[in-house]
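Note: the block below is protein33.txt and it holds compact mmCIF, N, CA and C atoms.
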# COMPACT_ATOMS: atom_id res chain seq x y z
N MET T 1 -2.45 26.39 28.54
CA MET T 1 -1.58 26.13 27.41
C MET T 1 -1.47 24.62 27.12
N LYS T 2 -1.34 23.83 28.21
CA LYS T 2 -1.24 22.38 28.04
C LYS T 2 -2.51 21.83 27.41
N ARG T 3 -3.63 22.41 27.78
CA ARG T 3 -4.90 21.94 27.24
C ARG T 3 -4.96 22.17 25.73
N TYR T 4 -4.53 23.32 25.24
CA TYR T 4 -4.54 23.60 23.81
C TYR T 4 -3.58 22.69 23.06
N PHE T 5 -2.43 22.44 23.67
CA PHE T 5 -1.47 21.53 23.06
C PHE T 5 -2.07 20.13 22.94
N PHE T 6 -2.74 19.67 23.99
CA PHE T 6 -3.38 18.36 23.98
C PHE T 6 -4.45 18.28 22.90
N ILE T 7 -5.29 19.30 22.80
CA ILE T 7 -6.36 19.32 21.79
C ILE T 7 -5.76 19.32 20.39
N ALA T 8 -4.72 20.14 20.16
CA ALA T 8 -4.07 20.19 18.84
C ALA T 8 -3.45 18.84 18.50
N THR T 9 -2.83 18.20 19.48
CA THR T 9 -2.23 16.89 19.26
C THR T 9 -3.30 15.86 18.89
N CYS T 10 -4.42 15.87 19.59
CA CYS T 10 -5.51 14.93 19.28
C CYS T 10 -6.06 15.14 17.87
N ILE T 11 -6.20 16.40 17.47
CA ILE T 11 -6.70 16.69 16.13
C ILE T 11 -5.72 16.18 15.08
N LEU T 12 -4.43 16.45 15.26
CA LEU T 12 -3.43 15.98 14.30
C LEU T 12 -3.39 14.46 14.23
N MET T 13 -3.49 13.80 15.37
CA MET T 13 -3.48 12.34 15.38
C MET T 13 -4.70 11.78 14.66
N SER T 14 -5.85 12.40 14.85
CA SER T 14 -7.05 11.89 14.18
C SER T 14 -6.98 12.09 12.68
N LEU T 15 -6.38 13.20 12.25
CA LEU T 15 -6.21 13.42 10.81
C LEU T 15 -5.26 12.40 10.21
N THR T 16 -4.17 12.10 10.91
CA THR T 16 -3.21 11.12 10.42
C THR T 16 -3.83 9.74 10.35
N VAL T 17 -4.52 9.33 11.39
CA VAL T 17 -5.18 8.02 11.39
C VAL T 17 -6.23 7.96 10.30
N GLY T 18 -6.98 9.03 10.09
CA GLY T 18 -7.99 9.06 9.05
C GLY T 18 -7.39 8.91 7.67
N ALA T 19 -6.26 9.56 7.44
CA ALA T 19 -5.60 9.45 6.13
C ALA T 19 -5.08 8.04 5.91
N GLN T 20 -4.50 7.42 6.94
CA GLN T 20 -3.98 6.08 6.79
C GLN T 20 -5.11 5.07 6.63
N SER T 21 -6.19 5.22 7.36
CA SER T 21 -7.25 4.22 7.29
C SER T 21 -8.10 4.35 6.04
N SER T 22 -8.00 5.46 5.31
CA SER T 22 -8.81 5.60 4.10
C SER T 22 -8.41 4.56 3.06
N LEU T 23 -7.18 4.07 3.12
CA LEU T 23 -6.76 3.03 2.20
C LEU T 23 -7.42 1.70 2.54
N SER T 24 -7.66 1.44 3.81
CA SER T 24 -8.12 0.12 4.21
C SER T 24 -9.64 0.00 4.31
N LYS T 25 -10.37 0.97 3.84
CA LYS T 25 -11.83 0.92 3.92
C LYS T 25 -12.45 0.15 2.77
N GLY T 26 -11.65 -0.45 1.92
CA GLY T 26 -12.17 -1.16 0.77
C GLY T 26 -12.08 -0.31 -0.47
N ALA T 27 -12.39 -0.92 -1.58
CA ALA T 27 -12.30 -0.23 -2.86
C ALA T 27 -13.37 0.86 -2.95
N PRO T 28 -13.05 1.98 -3.62
CA PRO T 28 -14.06 3.00 -3.83
C PRO T 28 -15.23 2.43 -4.64
N ALA T 29 -16.38 3.01 -4.48
CA ALA T 29 -17.58 2.50 -5.17
C ALA T 29 -17.43 2.52 -6.69
N ASN T 30 -16.62 3.44 -7.21
CA ASN T 30 -16.50 3.57 -8.66
C ASN T 30 -15.32 2.81 -9.26
N VAL T 31 -14.68 1.94 -8.48
CA VAL T 31 -13.60 1.14 -9.05
C VAL T 31 -14.20 0.03 -9.90
N GLU T 32 -13.56 -0.23 -11.04
CA GLU T 32 -14.04 -1.26 -11.97
C GLU T 32 -12.90 -2.19 -12.33
N ALA T 33 -13.20 -3.45 -12.55
CA ALA T 33 -12.21 -4.41 -13.02
C ALA T 33 -12.14 -4.31 -14.54
N VAL T 34 -10.92 -4.15 -15.06
CA VAL T 34 -10.71 -4.00 -16.50
C VAL T 34 -9.96 -5.22 -17.01
N ASP T 35 -10.49 -5.86 -18.04
CA ASP T 35 -9.84 -7.02 -18.64
C ASP T 35 -8.86 -6.51 -19.69
N LEU T 36 -7.56 -6.67 -19.41
CA LEU T 36 -6.52 -6.24 -20.34
C LEU T 36 -6.13 -7.33 -21.32
N GLY T 37 -6.80 -8.47 -21.26
CA GLY T 37 -6.49 -9.59 -22.14
C GLY T 37 -5.21 -10.31 -21.73
N LEU T 38 -4.86 -10.25 -20.45
CA LEU T 38 -3.66 -10.94 -19.98
C LEU T 38 -3.86 -12.45 -20.05
N PRO T 39 -2.81 -13.21 -20.38
CA PRO T 39 -2.94 -14.67 -20.45
C PRO T 39 -3.44 -15.29 -19.15
N SER T 40 -3.10 -14.67 -18.02
CA SER T 40 -3.51 -15.20 -16.72
C SER T 40 -4.98 -14.95 -16.44
N GLY T 41 -5.59 -14.03 -17.19
CA GLY T 41 -6.98 -13.66 -16.94
C GLY T 41 -7.12 -12.64 -15.82
N THR T 42 -6.00 -12.22 -15.25
CA THR T 42 -6.02 -11.23 -14.17
C THR T 42 -6.60 -9.93 -14.67
N LYS T 43 -7.51 -9.37 -13.92
CA LYS T 43 -8.10 -8.08 -14.28
C LYS T 43 -7.40 -6.98 -13.52
N TRP T 44 -7.37 -5.80 -14.10
CA TRP T 44 -6.69 -4.65 -13.54
C TRP T 44 -7.74 -3.63 -13.12
N ALA T 45 -7.47 -2.86 -12.09
CA ALA T 45 -8.41 -1.83 -11.66
C ALA T 45 -8.29 -0.60 -12.56
N ASN T 46 -9.36 0.13 -12.68
CA ASN T 46 -9.35 1.35 -13.49
C ASN T 46 -8.77 2.54 -12.75
N MET T 47 -8.31 2.32 -11.51
CA MET T 47 -7.65 3.38 -10.75
C MET T 47 -6.66 2.75 -9.78
N ASN T 48 -5.77 3.56 -9.28
CA ASN T 48 -4.74 3.10 -8.36
C ASN T 48 -5.26 3.02 -6.93
N VAL T 49 -4.66 2.17 -6.13
CA VAL T 49 -4.98 2.09 -4.72
C VAL T 49 -4.66 3.44 -4.08
N GLY T 50 -5.59 3.94 -3.31
CA GLY T 50 -5.42 5.23 -2.67
C GLY T 50 -6.05 6.38 -3.45
N ALA T 51 -6.49 6.12 -4.66
CA ALA T 51 -7.17 7.14 -5.48
C ALA T 51 -8.67 6.98 -5.32
N SER T 52 -9.38 8.08 -5.53
CA SER T 52 -10.84 7.98 -5.49
C SER T 52 -11.45 8.17 -6.88
N SER T 53 -10.59 8.38 -7.88
CA SER T 53 -11.04 8.46 -9.27
C SER T 53 -9.89 8.02 -10.18
N PRO T 54 -10.19 7.61 -11.41
CA PRO T 54 -9.13 7.16 -12.33
C PRO T 54 -8.09 8.25 -12.64
N GLU T 55 -8.47 9.51 -12.47
CA GLU T 55 -7.55 10.60 -12.80
C GLU T 55 -6.53 10.88 -11.70
N GLU T 56 -6.75 10.38 -10.50
CA GLU T 56 -5.84 10.63 -9.38
C GLU T 56 -4.67 9.65 -9.40
N TYR T 57 -3.55 10.09 -8.84
CA TYR T 57 -2.37 9.24 -8.77
C TYR T 57 -2.54 8.09 -7.80
N GLY T 58 -3.16 8.33 -6.67
CA GLY T 58 -3.27 7.31 -5.64
C GLY T 58 -2.03 7.28 -4.78
N ALA T 59 -1.84 6.19 -4.06
CA ALA T 59 -0.71 6.05 -3.15
C ALA T 59 0.46 5.37 -3.86
N TYR T 60 1.64 5.54 -3.29
CA TYR T 60 2.84 4.88 -3.81
C TYR T 60 3.22 3.76 -2.84
N PHE T 61 3.63 2.63 -3.40
CA PHE T 61 4.01 1.48 -2.60
C PHE T 61 5.33 0.93 -3.11
N ALA T 62 6.16 0.46 -2.19
CA ALA T 62 7.34 -0.30 -2.59
C ALA T 62 6.86 -1.70 -2.97
N TRP T 63 7.57 -2.38 -3.85
CA TRP T 63 7.16 -3.70 -4.31
C TRP T 63 7.05 -4.64 -3.11
N GLY T 64 5.88 -5.27 -2.98
CA GLY T 64 5.65 -6.22 -1.92
C GLY T 64 5.20 -5.60 -0.61
N GLU T 65 5.12 -4.28 -0.54
CA GLU T 65 4.67 -3.62 0.68
C GLU T 65 3.24 -3.14 0.49
N ILE T 66 2.48 -3.11 1.57
CA ILE T 66 1.06 -2.82 1.45
C ILE T 66 0.66 -1.48 2.06
N SER T 67 1.62 -0.75 2.59
CA SER T 67 1.34 0.57 3.17
C SER T 67 2.26 1.60 2.53
N PRO T 68 1.71 2.75 2.16
CA PRO T 68 2.58 3.80 1.63
C PRO T 68 3.41 4.41 2.75
N LYS T 69 4.49 5.06 2.40
CA LYS T 69 5.32 5.73 3.39
C LYS T 69 5.83 7.05 2.83
N SER T 70 6.42 7.85 3.67
CA SER T 70 6.82 9.19 3.25
C SER T 70 8.10 9.20 2.42
N SER T 71 8.95 8.18 2.57
CA SER T 71 10.16 8.10 1.74
C SER T 71 10.47 6.63 1.47
N TYR T 72 11.20 6.39 0.40
CA TYR T 72 11.52 5.03 -0.02
C TYR T 72 13.03 4.90 -0.17
N SER T 73 13.61 3.97 0.58
CA SER T 73 15.05 3.71 0.49
C SER T 73 15.31 2.30 0.99
N TRP T 74 16.52 1.82 0.78
CA TRP T 74 16.87 0.50 1.29
C TRP T 74 16.79 0.47 2.81
N ASP T 75 16.98 1.62 3.45
CA ASP T 75 16.96 1.66 4.91
C ASP T 75 15.58 1.37 5.49
N ASN T 76 14.51 1.66 4.74
CA ASN T 76 13.17 1.40 5.28
C ASN T 76 12.39 0.38 4.45
N TYR T 77 13.09 -0.37 3.60
CA TYR T 77 12.43 -1.43 2.84
C TYR T 77 12.27 -2.66 3.72
N MET T 78 11.34 -3.53 3.39
CA MET T 78 11.01 -4.66 4.27
C MET T 78 12.08 -5.75 4.30
N CYS T 79 12.98 -5.77 3.35
CA CYS T 79 14.06 -6.76 3.41
C CYS T 79 15.40 -6.04 3.30
N PRO T 80 16.42 -6.61 3.91
CA PRO T 80 17.74 -5.99 3.80
C PRO T 80 18.22 -5.97 2.35
N LYS T 81 18.95 -4.95 2.00
CA LYS T 81 19.41 -4.74 0.62
C LYS T 81 20.10 -5.98 0.04
N ASN T 82 20.88 -6.66 0.83
CA ASN T 82 21.66 -7.78 0.29
C ASN T 82 20.90 -9.10 0.26
N SER T 83 19.64 -9.13 0.72
CA SER T 83 18.92 -10.41 0.69
C SER T 83 17.64 -10.37 -0.15
N CYS T 84 17.34 -9.26 -0.78
CA CYS T 84 16.12 -9.18 -1.59
C CYS T 84 16.20 -10.14 -2.77
N GLY T 85 15.12 -10.87 -2.97
CA GLY T 85 15.06 -11.82 -4.08
C GLY T 85 15.75 -13.13 -3.80
N GLU T 86 16.10 -13.37 -2.55
CA GLU T 86 16.78 -14.60 -2.17
C GLU T 86 16.09 -15.19 -0.95
N PRO T 87 16.34 -16.46 -0.65
CA PRO T 87 15.78 -17.03 0.58
C PRO T 87 16.13 -16.14 1.78
N GLY T 88 15.17 -15.92 2.64
CA GLY T 88 15.33 -15.00 3.76
C GLY T 88 14.57 -13.70 3.54
N ASP T 89 14.35 -13.36 2.29
CA ASP T 89 13.51 -12.21 1.94
C ASP T 89 12.06 -12.66 2.17
N PRO T 90 11.26 -11.89 2.93
CA PRO T 90 9.89 -12.35 3.23
C PRO T 90 9.04 -12.63 2.00
N VAL T 91 9.20 -11.86 0.94
CA VAL T 91 8.43 -12.09 -0.28
C VAL T 91 8.91 -13.37 -0.96
N TYR T 92 10.21 -13.52 -1.10
CA TYR T 92 10.76 -14.71 -1.74
C TYR T 92 10.35 -15.97 -0.99
N ASP T 93 10.38 -15.89 0.35
CA ASP T 93 10.01 -17.06 1.14
C ASP T 93 8.56 -17.48 0.89
N LEU T 94 7.69 -16.52 0.55
CA LEU T 94 6.29 -16.85 0.30
C LEU T 94 6.05 -17.30 -1.14
N VAL T 95 6.56 -16.56 -2.11
CA VAL T 95 6.23 -16.82 -3.51
C VAL T 95 7.34 -17.48 -4.29
N GLY T 96 8.53 -17.55 -3.74
CA GLY T 96 9.65 -18.19 -4.42
C GLY T 96 10.14 -17.39 -5.62
N ALA T 97 10.83 -18.06 -6.49
CA ALA T 97 11.47 -17.40 -7.62
C ALA T 97 10.48 -16.87 -8.65
N LYS T 98 9.22 -17.32 -8.60
CA LYS T 98 8.27 -16.85 -9.61
C LYS T 98 7.93 -15.37 -9.44
N ALA T 99 8.13 -14.83 -8.24
CA ALA T 99 7.96 -13.40 -7.95
C ALA T 99 6.56 -12.88 -8.29
N ASP T 100 5.55 -13.72 -8.15
CA ASP T 100 4.18 -13.29 -8.40
C ASP T 100 3.50 -13.06 -7.06
N ILE T 101 3.25 -11.81 -6.72
CA ILE T 101 2.65 -11.50 -5.43
C ILE T 101 1.15 -11.27 -5.52
N ALA T 102 0.58 -11.40 -6.71
CA ALA T 102 -0.86 -11.16 -6.88
C ALA T 102 -1.67 -12.10 -5.99
N GLY T 103 -2.58 -11.51 -5.22
CA GLY T 103 -3.45 -12.29 -4.36
C GLY T 103 -2.83 -12.73 -3.05
N THR T 104 -1.57 -12.36 -2.80
CA THR T 104 -0.91 -12.73 -1.55
C THR T 104 -1.02 -11.59 -0.54
N ASN T 105 -0.49 -11.79 0.64
CA ASN T 105 -0.47 -10.74 1.66
C ASN T 105 0.50 -9.62 1.31
N PHE T 106 1.23 -9.75 0.20
CA PHE T 106 2.14 -8.71 -0.28
C PHE T 106 1.53 -7.91 -1.43
N ASP T 107 0.27 -8.16 -1.74
CA ASP T 107 -0.44 -7.48 -2.82
C ASP T 107 -1.19 -6.27 -2.23
N ALA T 108 -0.71 -5.06 -2.55
CA ALA T 108 -1.29 -3.84 -1.96
C ALA T 108 -2.78 -3.71 -2.29
N ALA T 109 -3.19 -4.06 -3.50
CA ALA T 109 -4.61 -3.93 -3.86
C ALA T 109 -5.46 -4.90 -3.02
N LYS T 110 -5.03 -6.14 -2.93
CA LYS T 110 -5.80 -7.12 -2.14
C LYS T 110 -5.89 -6.69 -0.66
N MET T 111 -4.77 -6.28 -0.11
CA MET T 111 -4.73 -5.97 1.31
C MET T 111 -5.45 -4.67 1.65
N ASN T 112 -5.53 -3.73 0.71
CA ASN T 112 -6.20 -2.47 0.98
C ASN T 112 -7.65 -2.45 0.49
N TRP T 113 -7.95 -3.20 -0.56
CA TRP T 113 -9.30 -3.18 -1.14
C TRP T 113 -10.07 -4.45 -0.88
N GLY T 114 -9.43 -5.52 -0.52
CA GLY T 114 -10.12 -6.78 -0.29
C GLY T 114 -9.98 -7.73 -1.47
N GLU T 115 -10.62 -8.84 -1.37
CA GLU T 115 -10.50 -9.93 -2.35
C GLU T 115 -11.16 -9.64 -3.69
N SER T 116 -12.20 -8.84 -3.72
CA SER T 116 -12.94 -8.66 -4.97
C SER T 116 -12.15 -7.84 -5.89

Kindly transcribe the structure held in the file into structure tokens.
Amino acid sequence: MKRYFFIATCILMSLTVGAQSSLSKGAPANVEAVDLGLPSGTKWANMNVGASSPEEYGAYFAWGEISPKSSYSWDNYMCPKNSCGEPGDPVYDLVGAKADIAGTNFDAAKMNWGES
């Protein structure tokens, strides 16, 4: 009985790790950069992080976080509720009041798909 439990546990763990690591394997081969005509020149992807086609929803991320999670609340957000957007908030400390996280370690696309 212990052996079956161990095997089942290993299978579940491998499935969970596989699902989490699928985000960090880089951008899907069919992702394309789309020029939306933004003043910054920033291009947007034709699909969401975590999706394998433009029609899929992809993963959900809290602002400034790079890993999806099963639920979103102030209790599991990366900064305490009363310090978000102020000094002491990890995102604010990096980008300041401009609140632009593009290309930083708080950018889910960069951290999951890479620099390109």

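Using only N, CA and C atoms, the smallest distance between any of T:Pro28, T:Gly96, T:Pro87, T:Gly103 and T:Ala51 comes from T:Pro28.
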
- Task: Once DSSP has gone over the backbone, tell me which residues of stretch 80-115 of chain T are in alpha helix (DSSP H), as a ChimeraX atom specification.
- Result: /T:90-95,108-113

List the neighbours of T:Gly88 out to 8 Å using only N, CA and C atoms; skip same-chain residues closer than 6 positions along the sequence, and give me the result as a short mmCIF file (atom, residue, chain, number, x, y, z; two decimals) with N, CA and C atoms, in the coordinates of the input.
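The new file result_6.cif reads:
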data_model
loop_
_atom_site.label_atom_id
_atom_site.label_comp_id
_atom_site.auth_asym_id
_atom_site.auth_seq_id
_atom_site.Cartn_x
_atom_site.Cartn_y
_atom_site.Cartn_z
N CYS T 79 12.98 -5.77 3.35
CA CYS T 79 14.06 -6.76 3.41
C CYS T 79 15.40 -6.04 3.30
N PRO T 80 16.42 -6.61 3.91
CA PRO T 80 17.74 -5.99 3.80
C PRO T 80 18.22 -5.97 2.35
N LEU T 94 7.69 -16.52 0.55
CA LEU T 94 6.29 -16.85 0.30
C LEU T 94 6.05 -17.30 -1.14
#

- Message: Need to verify the contact set: stretch 62-73 of chain T, 5 Å, all atoms listed in the file, exclusion of same-chain residues closer than 2 positions in sequence. Can you return it as number ranges by chain?
- Response: T: 60, 75-77, 106, 108

Given 4 Å on each side, where is the centre and what are the edge lengths in Å to one decimal of the axis-aligned box enclosing the listed atoms of stretch 52-55 of chain T, as AutoDock Vina command-line options?
--center_x -9.0 --center_y 9.0 --center_z -9.1 --size_x 12.9 --size_y 11.7 --size_z 15.3

- Query: Of the candidates T:Ala59, T:Val34, T:Ala29, T:Val49, which one gets nearest to T:Met111 if we count only C-alpha atoms?
  - Reply: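 The answer is T:Val49, which sits nearest to T:Met111.
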
- Among listed residues T:Met78, T:Val91, T:Ala102, T:Val31, nearest T:Asn46 (using only N, CA and C atoms): T:Val31

- Figure out the distance between atom C of T:Ala109 and atom CA of T:Ala45, please, to one decimal in Å. 9.6 Å

- Pairwise distance for atom C of T:Gly41 and atom N of T:Glu115, rounded to one decimal in Å: 15.3 Å

- To one decimal place, how far is atom C of T:Pro39 from atom C of T:Ala27 in Å?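 Atom C of T:Ala27 lies 24.9 Å from atom C of T:Pro39.
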
- Taking only C-alpha atoms into account, which of T:Val95, T:Trp74, T:Ala33, T:Ser40 comes nearest T:Pro54?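 Looking only at the distances to T:Pro54, the closest residue turns out to be T:Ala33.
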
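Shortest atom-to-atom contact with T:Ser52 among T:Glu32, T:Asp93, T:Asp100, T:Glu86: T:Glu32, counting only C-alpha atoms.
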